[in-house]
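S.K.: First, the structure itself, so that you have it in front of you.
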Amino acid sequence: MIASCRPDDGVADPESARRAYLGLDRAVDRAIKLGFDGFNAASNANIPEQMAAGDLSGTVVVGGKVDQGASNNKEMDLQVTLTDYSDGPVEDMFDVAYDGGPALLDLSLRDLPNGTFTGSFSGEFAMTGELAGTVALDLDVMGQTEEAPDGTIRRKVGTIHVTGTATSDYGVFAIDISL
């Protein structure tokens with residue numbers, strides 16, 4: 001274990017706090033995509049669970065509910081669970097895996113199919129590996145939607161903006177990124 005990454009040393013470590021989030025960065029994007037996959041697969045208010053593998057190990061599972069009806073505005077209330085999830089070494093140096101959930105991913109979809117979405121993503125995940133302890137996400141997300149060639153609705157790649165905080169035993173990391 002890297003000495004500066006131990007949560008029990010009582011010292012704030014901004015770089016490790018940042019790395020605690022970076023290991024989840026692709027998981028946030030993946031959870032949003034799975035939410036839209038579930039939205040498109042739903043035949044009623046319940047979204048069937050959608051699952052994807054991490055790039056290195058584990059899974060992310062997303063399920064929940066969506067408003068029904070003909071309106072072009074919808075609300076999605078999703079639950080995100082990670083099991084031994086890893087997209088590989090953070091910054092090609094730090095092996096970290098995440099477990100936990102369900103975290104809450106709530107999205108408001110407006111002016112579908114070619115519209116916008118806003119929402120929040122909050123929850124705690126346990127970290128194991130070279131970063132250990134917990135990381136709590138308190139995020140706001142926004143982006144655009146578009147109609148896919150097959151008629152389904154998807155998030156428009158490159159338009160997602162994530163802000164908020166990731167709080168871990170290492171400190172608080174302020175997040176302001178585009179996916």
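We name chains A, B, ... following the order of the structure tokens; residues begin at 1 in each chain, and ligands are numbered from 1 as shown.
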Please provide as a compact mmCIF listing (two decimals) with N, CA and C atoms, in the first residue's frame all residues within 12 Å of Pro89 of chain A, with the sequence filter that same-chain residues fewer than 6 positions apart are discarded (counting only C-alpha atoms).

M.R.:
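To be explicit, this is the file written out as around-v4.txt:
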```txt
# COMPACT_ATOMS: atom_id res chain seq x y z
N ARG A 19 -8.16 10.90 -6.67
CA ARG A 19 -8.09 9.55 -7.24
C ARG A 19 -9.29 8.69 -6.81
N ALA A 20 -9.78 8.90 -5.59
CA ALA A 20 -10.95 8.15 -5.12
C ALA A 20 -12.13 8.37 -6.05
N LEU A 22 -11.75 9.58 -9.38
CA LEU A 22 -11.37 9.23 -10.75
C LEU A 22 -11.64 7.76 -11.07
N GLY A 23 -11.52 6.90 -10.07
CA GLY A 23 -11.82 5.50 -10.29
C GLY A 23 -13.29 5.25 -10.57
N LEU A 24 -14.14 6.22 -10.25
CA LEU A 24 -15.59 6.10 -10.48
C LEU A 24 -16.07 6.90 -11.69
N GLY A 54 -17.29 -3.67 -15.52
CA GLY A 54 -16.21 -2.71 -15.46
C GLY A 54 -15.15 -3.11 -16.47
N ASP A 55 -14.28 -2.18 -16.86
CA ASP A 55 -13.25 -2.50 -17.85
C ASP A 55 -12.30 -3.58 -17.34
N LEU A 56 -12.05 -3.62 -16.02
CA LEU A 56 -11.15 -4.62 -15.45
C LEU A 56 -11.90 -5.72 -14.70
N SER A 57 -12.87 -5.32 -13.87
CA SER A 57 -13.60 -6.33 -13.08
C SER A 57 -14.93 -5.78 -12.61
N ASP A 95 -4.51 0.57 -8.09
CA ASP A 95 -5.59 -0.40 -8.24
C ASP A 95 -6.64 -0.14 -7.16
N VAL A 96 -7.87 0.12 -7.59
CA VAL A 96 -8.98 0.38 -6.67
C VAL A 96 -10.21 -0.32 -7.21
N ALA A 97 -10.96 -0.97 -6.33
CA ALA A 97 -12.25 -1.57 -6.69
C ALA A 97 -13.31 -0.97 -5.77
N GLY A 129 -8.22 -1.97 -2.22
CA GLY A 129 -7.04 -1.89 -3.06
C GLY A 129 -6.09 -0.85 -2.49
N GLU A 130 -5.45 -0.13 -3.38
CA GLU A 130 -4.46 0.86 -2.94
C GLU A 130 -5.09 2.12 -2.36
N LEU A 131 -6.36 2.31 -2.55
CA LEU A 131 -7.15 3.31 -1.82
C LEU A 131 -8.21 2.51 -1.07
```

S.K.: Can you pull out every residue within 8 Å of Val60 of chain A, counting only C-alpha atoms, but drop anything in the same chain fewer than 2 positions away, and send it as a VMD selection string?

M.R.: chain A and resid 27 30 to 31 51 to 54 58 62 80 to 83 85

S.K.: Could you give me, as an mmCIF file with all heavy atoms, in the first residue's frame, the residues within 12 Å of Glu15 of chain A, counting only C-alpha atoms and dropping anything in the same chain fewer than 6 positions from it?

M.R.:
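To be explicit, this is the file written out as around-v8.cif:
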```cif
data_model
loop_
_atom_site.group_PDB
_atom_site.id
_atom_site.type_symbol
_atom_site.label_atom_id
_atom_site.label_comp_id
_atom_site.auth_asym_id
_atom_site.auth_seq_id
_atom_site.Cartn_x
_atom_site.Cartn_y
_atom_site.Cartn_z
ATOM 1 N N SER A 4 1.032 7.429 1.338
ATOM 2 C CA SER A 4 0.197 8.633 1.288
ATOM 3 C C SER A 4 -1.268 8.317 1.037
ATOM 4 O O SER A 4 -2.099 9.209 1.111
ATOM 5 C CB SER A 4 0.703 9.576 0.195
ATOM 6 O OG SER A 4 0.499 8.982 -1.071
ATOM 7 N N CYS A 5 -1.582 7.088 0.731
ATOM 8 C CA CYS A 5 -2.954 6.720 0.416
ATOM 9 C C CYS A 5 -3.654 6.000 1.559
ATOM 10 O O CYS A 5 -4.746 5.500 1.386
ATOM 11 C CB CYS A 5 -2.982 5.832 -0.830
ATOM 12 S SG CYS A 5 -2.502 6.714 -2.306
ATOM 13 N N TYR A 21 -12.279 9.605 -6.594
ATOM 14 C CA TYR A 21 -13.345 9.867 -7.555
ATOM 15 C C TYR A 21 -12.977 9.359 -8.954
ATOM 16 O O TYR A 21 -13.815 8.774 -9.650
ATOM 17 C CB TYR A 21 -13.701 11.355 -7.655
ATOM 18 C CG TYR A 21 -14.632 11.570 -8.825
ATOM 19 C CD1 TYR A 21 -15.957 11.149 -8.736
ATOM 20 C CD2 TYR A 21 -14.182 12.055 -10.043
ATOM 21 C CE1 TYR A 21 -16.812 11.250 -9.830
ATOM 22 C CE2 TYR A 21 -15.024 12.159 -11.133
ATOM 23 C CZ TYR A 21 -16.333 11.751 -11.022
ATOM 24 O OH TYR A 21 -17.166 11.842 -12.108
ATOM 25 N N LEU A 22 -11.746 9.581 -9.384
ATOM 26 C CA LEU A 22 -11.372 9.226 -10.749
ATOM 27 C C LEU A 22 -11.638 7.764 -11.067
ATOM 28 O O LEU A 22 -11.974 7.426 -12.198
ATOM 29 C CB LEU A 22 -9.906 9.562 -11.012
ATOM 30 C CG LEU A 22 -9.578 11.044 -11.143
ATOM 31 C CD1 LEU A 22 -8.088 11.237 -11.398
ATOM 32 C CD2 LEU A 22 -10.399 11.702 -12.236
ATOM 33 N N VAL A 90 -6.213 3.518 -11.546
ATOM 34 C CA VAL A 90 -6.420 4.965 -11.620
ATOM 35 C C VAL A 90 -5.080 5.600 -11.960
ATOM 36 O O VAL A 90 -4.078 5.320 -11.300
ATOM 37 C CB VAL A 90 -6.974 5.505 -10.285
ATOM 38 C CG1 VAL A 90 -7.104 7.014 -10.331
ATOM 39 C CG2 VAL A 90 -8.300 4.841 -9.954
ATOM 40 N N GLU A 91 -5.073 6.413 -12.989
ATOM 41 C CA GLU A 91 -3.862 7.062 -13.490
ATOM 42 C C GLU A 91 -2.766 6.036 -13.776
ATOM 43 O O GLU A 91 -1.584 6.309 -13.605
ATOM 44 C CB GLU A 91 -3.382 8.132 -12.513
ATOM 45 C CG GLU A 91 -4.391 9.245 -12.376
ATOM 46 C CD GLU A 91 -3.965 10.362 -11.440
ATOM 47 O OE1 GLU A 91 -3.240 10.089 -10.463
ATOM 48 O OE2 GLU A 91 -4.362 11.497 -11.702
ATOM 49 N N PHE A 94 -2.813 3.114 -9.556
ATOM 50 C CA PHE A 94 -3.464 2.754 -8.305
ATOM 51 C C PHE A 94 -4.630 1.814 -8.573
ATOM 52 O O PHE A 94 -5.615 2.200 -9.204
ATOM 53 C CB PHE A 94 -3.975 4.006 -7.579
ATOM 54 C CG PHE A 94 -2.892 5.000 -7.283
ATOM 55 C CD1 PHE A 94 -2.641 6.054 -8.144
ATOM 56 C CD2 PHE A 94 -2.105 4.853 -6.155
ATOM 57 C CE1 PHE A 94 -1.636 6.965 -7.877
ATOM 58 C CE2 PHE A 94 -1.094 5.759 -5.878
ATOM 59 C CZ PHE A 94 -0.855 6.812 -6.742
ATOM 60 N N LEU A 131 -6.364 2.313 -2.554
ATOM 61 C CA LEU A 131 -7.150 3.305 -1.820
ATOM 62 C C LEU A 131 -8.209 2.513 -1.071
ATOM 63 O O LEU A 131 -8.897 1.696 -1.670
ATOM 64 C CB LEU A 131 -7.818 4.318 -2.751
ATOM 65 C CG LEU A 131 -6.918 5.254 -3.536
ATOM 66 C CD1 LEU A 131 -7.750 6.114 -4.477
ATOM 67 C CD2 LEU A 131 -6.092 6.132 -2.607
ATOM 68 N N SER A 168 -14.126 11.421 0.782
ATOM 69 C CA SER A 168 -13.546 10.154 1.224
ATOM 70 C C SER A 168 -12.741 10.399 2.492
ATOM 71 O O SER A 168 -12.645 11.526 2.979
ATOM 72 C CB SER A 168 -12.645 9.568 0.134
ATOM 73 O OG SER A 168 -11.478 10.361 -0.026
ATOM 74 N N ASP A 169 -12.141 9.339 2.988
ATOM 75 C CA ASP A 169 -11.278 9.458 4.152
ATOM 76 C C ASP A 169 -10.086 10.365 3.873
ATOM 77 O O ASP A 169 -9.424 10.822 4.792
ATOM 78 C CB ASP A 169 -10.771 8.075 4.572
ATOM 79 C CG ASP A 169 -11.900 7.153 5.005
ATOM 80 O OD1 ASP A 169 -12.939 7.659 5.469
ATOM 81 O OD2 ASP A 169 -11.740 5.930 4.879
ATOM 82 N N TYR A 170 -9.814 10.645 2.607
ATOM 83 C CA TYR A 170 -8.668 11.451 2.205
ATOM 84 C C TYR A 170 -9.005 12.936 2.113
ATOM 85 O O TYR A 170 -8.116 13.753 1.981
ATOM 86 C CB TYR A 170 -8.141 10.964 0.858
ATOM 87 C CG TYR A 170 -7.866 9.485 0.867
ATOM 88 C CD1 TYR A 170 -8.755 8.591 0.291
ATOM 89 C CD2 TYR A 170 -6.753 8.975 1.505
ATOM 90 C CE1 TYR A 170 -8.519 7.224 0.332
ATOM 91 C CE2 TYR A 170 -6.513 7.607 1.553
ATOM 92 C CZ TYR A 170 -7.403 6.739 0.963
ATOM 93 O OH TYR A 170 -7.171 5.393 1.009
ATOM 94 N N GLY A 171 -10.276 13.263 2.115
ATOM 95 C CA GLY A 171 -10.700 14.655 1.994
ATOM 96 C C GLY A 171 -11.854 14.774 1.017
ATOM 97 O O GLY A 171 -12.515 13.791 0.676
ATOM 98 N N VAL A 172 -12.069 15.994 0.553
ATOM 99 C CA VAL A 172 -13.156 16.302 -0.373
ATOM 100 C C VAL A 172 -12.553 16.731 -1.700
ATOM 101 O O VAL A 172 -11.653 17.577 -1.738
ATOM 102 C CB VAL A 172 -14.062 17.423 0.178
ATOM 103 C CG1 VAL A 172 -15.157 17.766 -0.821
ATOM 104 C CG2 VAL A 172 -14.659 17.007 1.518
ATOM 105 N N PHE A 173 -13.042 16.134 -2.782
ATOM 106 C CA PHE A 173 -12.613 16.510 -4.103
ATOM 107 C C PHE A 173 -13.785 17.196 -4.820
ATOM 108 O O PHE A 173 -14.858 16.609 -4.943
ATOM 109 C CB PHE A 173 -12.152 15.287 -4.908
ATOM 110 C CG PHE A 173 -11.801 15.579 -6.339
ATOM 111 C CD1 PHE A 173 -10.784 16.468 -6.647
ATOM 112 C CD2 PHE A 173 -12.497 14.980 -7.359
ATOM 113 C CE1 PHE A 173 -10.450 16.747 -7.979
ATOM 114 C CE2 PHE A 173 -12.180 15.237 -8.698
ATOM 115 C CZ PHE A 173 -11.163 16.132 -8.992
ATOM 116 N N ALA A 174 -13.573 18.435 -5.272
ATOM 117 C CA ALA A 174 -14.603 19.170 -6.016
ATOM 118 C C ALA A 174 -14.542 18.719 -7.484
ATOM 119 O O ALA A 174 -13.486 18.757 -8.113
ATOM 120 C CB ALA A 174 -14.370 20.665 -5.917
#
```

S.K.: Of the candidates A:Ser71, A:Ser120, A:Ser43, A:Thr134, which shows the shortest atom-to-atom distance to Leu105 of chain A, using only C-alpha atoms?

M.R.: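 Ranking A:Ser71, A:Ser120, A:Ser43, A:Thr134 by distance to Leu105 of chain A, first place goes to A:Ser120.
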
S.K.: Using only C-alpha atoms, which protein or nucleic acid residues come within 7 Å of Leu179 of chain A? Drop anything in the same chain fewer than 3 positions from it, and give the result as a list in words.

M.R.: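 Non-adjacent residues within range: Asp29, Gly158, Thr159, Ile160 and His161 of chain A.
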
S.K.: So that I can check the surroundings of Thr152 of chain A, please list as a list of chain:residue names every protein, DNA and RNA residue that reaches within 7 Å of it, counting only C-alpha atoms and ignoring chain neighbours fewer than 4 positions away.

M.R.: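 Final neighbour list, sorted by chain and number: A:Asn40, A:Glu147, A:Ala148.
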
S.K.: How about saving the chosen residues, all heavy atoms kept, as a PDB file, in the first residue's frame?

M.R.:
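The result, stored in part02.pdb:
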```
ATOM      1  N   ASN A  40     -35.493   2.838 -22.352  1.00  0.00           N
ATOM      2  CA  ASN A  40     -35.933   2.350 -23.658  1.00  0.00           C
ATOM      3  C   ASN A  40     -36.501   0.934 -23.592  1.00  0.00           C
ATOM      4  O   ASN A  40     -37.327   0.561 -24.412  1.00  0.00           O
ATOM      5  CB  ASN A  40     -34.775   2.411 -24.657  1.00  0.00           C
ATOM      6  CG  ASN A  40     -34.433   3.839 -25.027  1.00  0.00           C
ATOM      7  OD1 ASN A  40     -35.297   4.636 -25.377  1.00  0.00           O
ATOM      8  ND2 ASN A  40     -33.162   4.178 -24.906  1.00  0.00           N
ATOM      9  N   GLU A 147     -32.406  11.327 -30.365  1.00  0.00           N
ATOM     10  CA  GLU A 147     -33.017  10.103 -30.867  1.00  0.00           C
ATOM     11  C   GLU A 147     -31.961   9.309 -31.621  1.00  0.00           C
ATOM     12  O   GLU A 147     -31.276   9.845 -32.502  1.00  0.00           O
ATOM     13  CB  GLU A 147     -34.191  10.422 -31.785  1.00  0.00           C
ATOM     14  CG  GLU A 147     -34.953   9.201 -32.223  1.00  0.00           C
ATOM     15  CD  GLU A 147     -36.236   9.537 -32.961  1.00  0.00           C
ATOM     16  OE1 GLU A 147     -36.568  10.720 -33.094  1.00  0.00           O
ATOM     17  OE2 GLU A 147     -36.905   8.591 -33.402  1.00  0.00           O
ATOM     18  N   ALA A 148     -31.826   8.053 -31.264  1.00  0.00           N
ATOM     19  CA  ALA A 148     -30.874   7.160 -31.944  1.00  0.00           C
ATOM     20  C   ALA A 148     -31.478   6.711 -33.273  1.00  0.00           C
ATOM     21  O   ALA A 148     -32.694   6.819 -33.487  1.00  0.00           O
ATOM     22  CB  ALA A 148     -30.584   5.957 -31.056  1.00  0.00           C
TER      23      ALA A 148
END
```

S.K.: Write out as a list of chain:residue names all residues of chain A that backbone DSSP assigns to alpha helix (DSSP H).

M.R.: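 Checking each residue of chain A, the alpha helix (DSSP H) ones are A:Pro14, A:Glu15, A:Ser16, A:Ala17, A:Arg18, A:Arg19, A:Ala20, A:Tyr21, A:Leu22, A:Asp25, A:Arg26, A:Ala27, A:Val28, A:Asp29, A:Arg30, A:Ala31, A:Ile32, A:Lys33, A:Leu34, A:Gly35, A:Phe36, A:Asp37, A:Gly38, A:Phe39, A:Asn40, A:Ala41.
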
S.K.: Between A:Leu104, A:Val61, A:Ala126, A:Val66, which residue has the minimum interatomic distance to Leu34 of chain A, considering only C-alpha atoms?

M.R.: A:Val61

S.K.: Counting only C-alpha atoms, figure out which residue out of A:Leu139, A:Leu109, A:Val157, A:Ile47 gets nearest to Val28 of chain A.

M.R.: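 Result for the nearest residue to Val28 of chain A: A:Leu139.
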